[in-house]
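Visitor: Got a structure for you, questions after.
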Amino acid sequence: MLESGKITPGQAGFLMIFTVLGTSNLVMPVLTSRYAQMDAWMTVILASLPHVLLIFVMNGIRKNFPQESIVSYLKKITGKYLGILIILGYLWYMIFTLTMINRTVSEFLLTSFMPETPIEVFIIVMLLLGAWVTKAGLEVLARVATFIMPLFLISFALIFLLLVGEFNFSYLTPVFEYGSKPVIRGAIYPTLWRGEYVLMLFLWPYLNTPEQGLRSLLQSAVIIVLVMLPITTASIAVFGPLTPHMYFPTFALVEYIELVGFITRIDAVFMAVWIAGAFVKIGIFYYCICLTLGEVLGLKDYRYIVYPVGIICGALTIFIAPNVAVFENLFPTVLIPMNLLFQYLMPLLILGLIYLRGLHKEKRGEGDGV
Amino acid sequence: MRIIGLSFAFMIIFVMEAIPLVKKKMWRELVAFSLLLLIGAGLTFTVVLDLPLPNPADIMEKIFSPASTWLTQVLS
């Protein structure tokens, strides 16, 4: 165990809310409405089914190995070499996801606010912040998340409340215009974003009361639905059929806000809060990468490899796609299969292997005669 | 110019992190740190100089292409 700090289950729930909402508030209405059209709001609810399943699967895995990190128990479950291979796969998944997050946030800043600035500036600044919070440790990251969370939630509530007069609910009808298949297809993206809860496999050993983790994660899943449902509905009810063709509809919503007739352009405030949320998301991924890599390499402290990891991620962020069009093409071709594999299939496989090999708790308890 | 600046930045990071490691005689950490920094520096120079290195995203696209085409067929 490379981390001596402990976080509360509530803080873990907050961290996980940020891993989902950190970027999905920006891109999700576009990605879902591209397939589900005006039924996009249904995908939010549909995606929470695999999400809840994943939370229960992870709880089932960690219950059998309390106080052990995933690196050490995977070696017990699958054997040494296969375990290392799976962990390396997860490491690559996390590095790639970090680069995708970083690129999304940077493209958002570039197109919405500072079109003249080279994109490298945003990438480096976000990674430097991530490196700083990673060096500070898990407890600091959790407290940053707790501090930003109220602002983050208020920002979404404000969007909904201030724009409720502009809604045109006739855009939402007819329901199931093209049948149910586009809705299921559109639900894939929110499913992938919720699947980032898989990071709890790495963080669960650091909860001070691990048995309460399940409850607080389920609560955070409800909060995510409660945030994403109004946001997606608002995008569709305001922009209607335009939504699939926009880049960042939620941000366009904010620019639409006009307070009591004369206060306009409050988008800068919202951007500050959302970038803070994205920073927490980047911080969590960065932290998990360094922690796991440090444990795989058998280091005494993960803090020594924070900067090299950041340099690799920064270079990859620019390397993976020369422009936005290529970058967007990565979502269906790489992100969907890779994330489904590492977020849903792999935890299920691990859980299945635990039971197949008889490593689960009840069995061991009987063997010990307890 | 960019090469010189980047090399300078990497040198600063190396000196900042490596000296405490040498003082504490943590050789394993020093080796891991140096290797990762070397990979990072190599990647950065590849990007800056536009060297023909295979793009990891393209490789993954090829690996996952059966799965992604299957998913597209099933869902559309």
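Here, A, B, ... name the chains of the structure tokens in the order displayed, residue numbers run from 1 inside each chain, and ligands are numbered from 1 in the same displayed order.
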Determine, counting only C-alpha atoms, which protein, DNA and RNA residues have an atom within 12 Å of an atom of Ala9 of chain B; residues of the same chain fewer than 4 positions away are not included. Present the result as a list in words.

Guide: Tyr307, Pro308 and Ile311 of chain A; Arg2, Ile3, Ile4, Gly5, Ile13, Phe14, Val15, Met16, Leu37, Ala41 and Thr44 of chain B

Visitor: Mind dumping the selected residues with all heavy atoms as a tab-separated table (two decimals), in the first residue's frame?

Guide:
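Saved result, again-v7.tsv, follows:
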```
chain	number	residue	atom	x	y	z
A	307	TYR	N	6.06	13.30	-12.35
A	307	TYR	CA	6.40	14.16	-13.49
A	307	TYR	C	6.62	13.39	-14.79
A	307	TYR	O	6.09	13.78	-15.83
A	307	TYR	CB	7.61	15.04	-13.16
A	307	TYR	CG	7.30	16.13	-12.17
A	307	TYR	CD1	8.08	16.31	-11.03
A	307	TYR	CD2	6.22	16.96	-12.36
A	307	TYR	CE1	7.77	17.30	-10.11
A	307	TYR	CE2	5.90	17.95	-11.44
A	307	TYR	CZ	6.68	18.12	-10.32
A	307	TYR	OH	6.37	19.09	-9.42
A	308	PRO	N	7.39	12.29	-14.76
A	308	PRO	CA	7.53	11.53	-16.02
A	308	PRO	C	6.19	11.06	-16.59
A	308	PRO	O	5.97	11.14	-17.80
A	308	PRO	CB	8.40	10.34	-15.61
A	308	PRO	CG	9.12	10.78	-14.42
A	308	PRO	CD	8.25	11.74	-13.71
A	311	ILE	N	4.59	13.89	-18.33
A	311	ILE	CA	5.20	14.21	-19.63
A	311	ILE	C	4.70	13.23	-20.69
A	311	ILE	O	4.35	13.61	-21.81
A	311	ILE	CB	6.74	14.17	-19.52
A	311	ILE	CG1	7.21	15.32	-18.64
A	311	ILE	CG2	7.38	14.27	-20.89
A	311	ILE	CD1	8.64	15.21	-18.20
B	2	ARG	N	12.51	24.95	-29.98
B	2	ARG	CA	11.62	24.22	-29.08
B	2	ARG	C	12.35	23.03	-28.45
B	2	ARG	O	12.12	22.68	-27.30
B	2	ARG	CB	10.39	23.73	-29.85
B	2	ARG	CG	9.43	24.88	-30.13
B	2	ARG	CD	8.07	24.34	-30.48
B	2	ARG	NE	8.06	23.72	-31.81
B	2	ARG	CZ	7.00	23.16	-32.34
B	2	ARG	NH1	5.87	23.11	-31.68
B	2	ARG	NH2	7.04	22.63	-33.54
B	3	ILE	N	13.24	22.42	-29.26
B	3	ILE	CA	14.01	21.29	-28.74
B	3	ILE	C	14.86	21.72	-27.56
B	3	ILE	O	14.90	21.04	-26.52
B	3	ILE	CB	14.92	20.72	-29.86
B	3	ILE	CG1	14.09	20.26	-31.05
B	3	ILE	CG2	15.78	19.59	-29.34
B	3	ILE	CD1	13.30	19.03	-30.79
B	4	ILE	N	15.51	22.88	-27.74
B	4	ILE	CA	16.39	23.36	-26.67
B	4	ILE	C	15.58	23.65	-25.41
B	4	ILE	O	15.93	23.24	-24.30
B	4	ILE	CB	17.15	24.63	-27.12
B	4	ILE	CG1	18.04	24.30	-28.32
B	4	ILE	CG2	17.98	25.19	-25.97
B	4	ILE	CD1	18.58	25.50	-29.04
B	5	GLY	N	14.44	24.32	-25.59
B	5	GLY	CA	13.59	24.65	-24.44
B	5	GLY	C	13.10	23.40	-23.72
B	5	GLY	O	13.16	23.32	-22.49
B	13	ILE	N	13.67	19.08	-14.50
B	13	ILE	CA	12.88	18.06	-13.79
B	13	ILE	C	13.80	16.95	-13.30
B	13	ILE	O	13.71	16.51	-12.15
B	13	ILE	CB	11.78	17.49	-14.71
B	13	ILE	CG1	10.73	18.57	-14.99
B	13	ILE	CG2	11.12	16.28	-14.09
B	13	ILE	CD1	9.70	18.16	-16.00
B	14	PHE	N	14.73	16.52	-14.17
B	14	PHE	CA	15.62	15.43	-13.80
B	14	PHE	C	16.45	15.81	-12.58
B	14	PHE	O	16.54	15.06	-11.61
B	14	PHE	CB	16.53	15.07	-14.98
B	14	PHE	CG	17.40	13.89	-14.71
B	14	PHE	CD1	16.87	12.61	-14.74
B	14	PHE	CD2	18.74	14.03	-14.40
B	14	PHE	CE1	17.64	11.51	-14.48
B	14	PHE	CE2	19.52	12.94	-14.12
B	14	PHE	CZ	18.98	11.67	-14.16
B	15	VAL	N	17.06	17.01	-12.63
B	15	VAL	CA	17.92	17.43	-11.51
B	15	VAL	C	17.11	17.56	-10.23
B	15	VAL	O	17.51	17.09	-9.16
B	15	VAL	CB	18.62	18.76	-11.87
B	15	VAL	CG1	19.32	19.34	-10.65
B	15	VAL	CG2	19.61	18.53	-12.99
B	16	MET	N	15.90	18.17	-10.37
B	16	MET	CA	15.07	18.40	-9.19
B	16	MET	C	14.70	17.10	-8.49
B	16	MET	O	14.69	17.01	-7.27
B	16	MET	CB	13.77	19.11	-9.61
B	16	MET	CG	13.67	20.54	-9.15
B	16	MET	SD	12.26	21.32	-9.93
B	16	MET	CE	10.94	20.21	-9.51
B	37	LEU	N	11.09	9.05	-17.60
B	37	LEU	CA	11.39	10.38	-18.13
B	37	LEU	C	11.94	10.27	-19.54
B	37	LEU	O	11.62	11.07	-20.43
B	37	LEU	CB	12.37	11.11	-17.22
B	37	LEU	CG	12.57	12.58	-17.51
B	37	LEU	CD1	11.28	13.34	-17.31
B	37	LEU	CD2	13.65	13.18	-16.64
B	41	ALA	N	10.39	11.94	-22.71
B	41	ALA	CA	11.17	12.87	-23.54
B	41	ALA	C	11.18	12.39	-24.99
B	41	ALA	O	11.00	13.19	-25.92
B	41	ALA	CB	12.59	12.97	-23.00
B	44	THR	N	7.87	13.17	-26.55
B	44	THR	CA	7.71	14.60	-26.80
B	44	THR	C	8.49	15.02	-28.03
B	44	THR	O	7.97	15.76	-28.89
B	44	THR	CB	8.20	15.40	-25.58
B	44	THR	OG1	7.73	14.77	-24.41
B	44	THR	CG2	7.71	16.82	-25.63
```

Visitor: Enumerate the residues of segment 257-351 of chain A with a DSSP assignment of alpha helix (DSSP H), computed from the backbone, and present them as a VMD selection string.

Guide: chain A and resid 267 to 297 306 to 319 324 to 330 336 to 339 346 to 351

Visitor: At most 7 Å is the cut-off: for each residue in chain A with any atom that close to an atom of chain B, write down the nearest atom pair and the distance in Å rounded to one decimal, counting only C-alpha atoms, chain first then increasing number, as JSON lines.

Guide:
```
{"residue": "A:Lys181", "atom": "CA", "partner": "B:Leu75", "partner_atom": "CA", "distance": 6.8}
{"residue": "A:Arg185", "atom": "CA", "partner": "B:Leu75", "partner_atom": "CA", "distance": 5.8}
{"residue": "A:Leu299", "atom": "CA", "partner": "B:Glu29", "partner_atom": "CA", "distance": 5.8}
{"residue": "A:Tyr304", "atom": "CA", "partner": "B:Phe33", "partner_atom": "CA", "distance": 6.5}
{"residue": "A:Ile305", "atom": "CA", "partner": "B:Phe33", "partner_atom": "CA", "distance": 5.4}
{"residue": "A:Pro308", "atom": "CA", "partner": "B:Leu37", "partner_atom": "CA", "distance": 4.5}
{"residue": "A:Val309", "atom": "CA", "partner": "B:Leu36", "partner_atom": "CA", "distance": 6.9}
{"residue": "A:Ile311", "atom": "CA", "partner": "B:Gly40", "partner_atom": "CA", "distance": 5.2}
{"residue": "A:Ile312", "atom": "CA", "partner": "B:Gly40", "partner_atom": "CA", "distance": 4.3}
{"residue": "A:Ala315", "atom": "CA", "partner": "B:Thr44", "partner_atom": "CA", "distance": 5.0}
{"residue": "A:Phe319", "atom": "CA", "partner": "B:Val47", "partner_atom": "CA", "distance": 6.1}
{"residue": "A:Ile320", "atom": "CA", "partner": "B:Ala57", "partner_atom": "CA", "distance": 5.4}
{"residue": "A:Thr333", "atom": "CA", "partner": "B:Ser68", "partner_atom": "CA", "distance": 5.9}
{"residue": "A:Val334", "atom": "CA", "partner": "B:Glu61", "partner_atom": "CA", "distance": 5.4}
{"residue": "A:Pro337", "atom": "CA", "partner": "B:Ser68", "partner_atom": "CA", "distance": 5.9}
```

Visitor: Would you put the residues from that selection into a file with N, CA and C atoms, as a CSV table (one decimal), in the first residue's frame?

Guide:
```
chain,number,residue,atom,x,y,z
A,181,LYS,N,-34.2,1.3,-30.7
A,181,LYS,CA,-32.8,1.0,-30.9
A,181,LYS,C,-31.8,2.2,-30.9
A,185,ARG,N,-28.5,2.7,-28.5
A,185,ARG,CA,-27.2,3.0,-29.1
A,185,ARG,C,-26.7,4.3,-28.4
A,299,LEU,N,7.9,0.4,-6.2
A,299,LEU,CA,8.6,1.6,-5.6
A,299,LEU,C,8.2,1.8,-4.2
A,304,TYR,N,7.6,9.8,-6.9
A,304,TYR,CA,8.8,10.1,-7.7
A,304,TYR,C,8.5,10.0,-9.2
A,305,ILE,N,7.4,9.3,-9.6
A,305,ILE,CA,7.2,9.1,-11.0
A,305,ILE,C,6.1,10.0,-11.5
A,308,PRO,N,7.4,12.3,-14.8
A,308,PRO,CA,7.5,11.5,-16.0
A,308,PRO,C,6.2,11.1,-16.6
A,309,VAL,N,5.3,10.6,-15.7
A,309,VAL,CA,4.0,10.2,-16.2
A,309,VAL,C,3.2,11.3,-16.8
A,311,ILE,N,4.6,13.9,-18.3
A,311,ILE,CA,5.2,14.2,-19.6
A,311,ILE,C,4.7,13.2,-20.7
A,312,ILE,N,4.6,11.9,-20.3
A,312,ILE,CA,4.1,10.9,-21.3
A,312,ILE,C,2.7,11.2,-21.7
A,315,ALA,N,2.5,14.4,-23.9
A,315,ALA,CA,2.9,14.1,-25.3
A,315,ALA,C,1.8,13.3,-26.1
A,319,PHE,N,-0.3,13.7,-29.5
A,319,PHE,CA,0.1,12.7,-30.4
A,319,PHE,C,-1.1,11.9,-31.0
A,320,ILE,N,-2.1,11.6,-30.1
A,320,ILE,CA,-3.2,10.7,-30.5
A,320,ILE,C,-4.0,11.2,-31.7
A,333,THR,N,-14.5,4.4,-32.5
A,333,THR,CA,-13.6,3.3,-32.9
A,333,THR,C,-12.7,2.7,-31.8
A,334,VAL,N,-12.3,3.6,-30.9
A,334,VAL,CA,-11.4,3.1,-29.8
A,334,VAL,C,-12.1,3.1,-28.5
A,337,PRO,N,-15.1,0.1,-27.6
A,337,PRO,CA,-14.7,-1.2,-27.3
A,337,PRO,C,-13.7,-1.3,-26.1
```

Visitor: Would you kindly return, as number ranges by chain, each protein, DNA or RNA residue with an atom no farther than 9 Å from any atom of Pro50 of chain A, considering only C-alpha atoms and excluding same-chain residues fewer than 4 positions away?

Guide: A: 46, 54-55, 191, 194-195, 344

Visitor: Give me a file of those residues, with C-alpha atoms, as an mmCIF file, in the first residue's frame.

Guide:
```cif
data_model
loop_
_atom_site.group_PDB
_atom_site.id
_atom_site.type_symbol
_atom_site.label_atom_id
_atom_site.label_comp_id
_atom_site.auth_asym_id
_atom_site.auth_seq_id
_atom_site.Cartn_x
_atom_site.Cartn_y
_atom_site.Cartn_z
ATOM 1 C CA LEU A 46 -30.935 3.682 -19.293
ATOM 2 C CA LEU A 54 -20.878 -2.332 -11.993
ATOM 3 C CA ILE A 55 -21.019 -0.889 -8.477
ATOM 4 C CA THR A 191 -22.590 4.007 -20.020
ATOM 5 C CA ARG A 194 -20.392 5.968 -15.790
ATOM 6 C CA GLY A 195 -18.009 3.060 -16.240
ATOM 7 C CA TYR A 344 -17.550 -3.808 -17.543
#
```

Visitor: How many Å lie between atom CA of Tyr35 of chain A and atom CA of Tyr178 of chain A, rounded to one decimal?

Guide: 9.9 Å

Visitor: Set the distance at 9 Å and use only C-alpha atoms: which residues neighbour Phe202 of chain A once local chain neighbours fewer than 4 positions away are removed? I'd like the list as a ChimeraX atom specification.

Guide: /A:69-71,198,206,288,291-292

Visitor: So that I can check the surroundings of Pro249 of chain A, please list as a ChimeraX atom specification every protein, DNA and RNA residue that reaches within 7 Å of it, counting only C-alpha atoms and ignoring chain neighbours fewer than 5 positions away.

Guide: /A:29-30,235,243

Visitor: Just want the 10 Å neighbourhood of Thr23 of chain A, counted on only C-alpha atoms, with same-chain residues fewer than 3 positions away dropped. Output as a ChimeraX atom specification.

Guide: /A:18-20,26-28,101-102,104-105,108,193,274-275,277-279,281-282

Visitor: Residues within 8 Å of Leu2 of chain A, please, as a CSV table (one decimal) with C-alpha atoms, in the first residue's frame. Count only C-alpha atoms; anything in the same chain fewer than 4 positions from it doesn't count.

Guide:
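Now in part.csv:
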```csv
chain,number,residue,atom,x,y,z
A,291,LEU,CA,-0.3,4.8,-7.6
A,294,GLY,CA,4.4,2.7,-8.5
A,295,GLU,CA,3.0,-0.5,-7.1
A,300,LYS,CA,8.6,2.9,-2.1
A,301,ASP,CA,6.6,6.0,-3.0
A,302,TYR,CA,4.6,6.8,-6.1
```

Visitor: Using only C-alpha atoms, find the one residue out of A:Leu203, A:Ala47, A:Met126, A:Met338 that sits nearest to Ala221 of chain A.

Guide: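 Under the stated criterion, the closest residue is A:Ala47.
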
Visitor: Between A:Phe331, A:Gly298, A:Ile86, A:Ile336, which has the minimum distance to Val31 of chain B (counting only C-alpha atoms)?

Guide: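 Closest candidate: A:Gly298.
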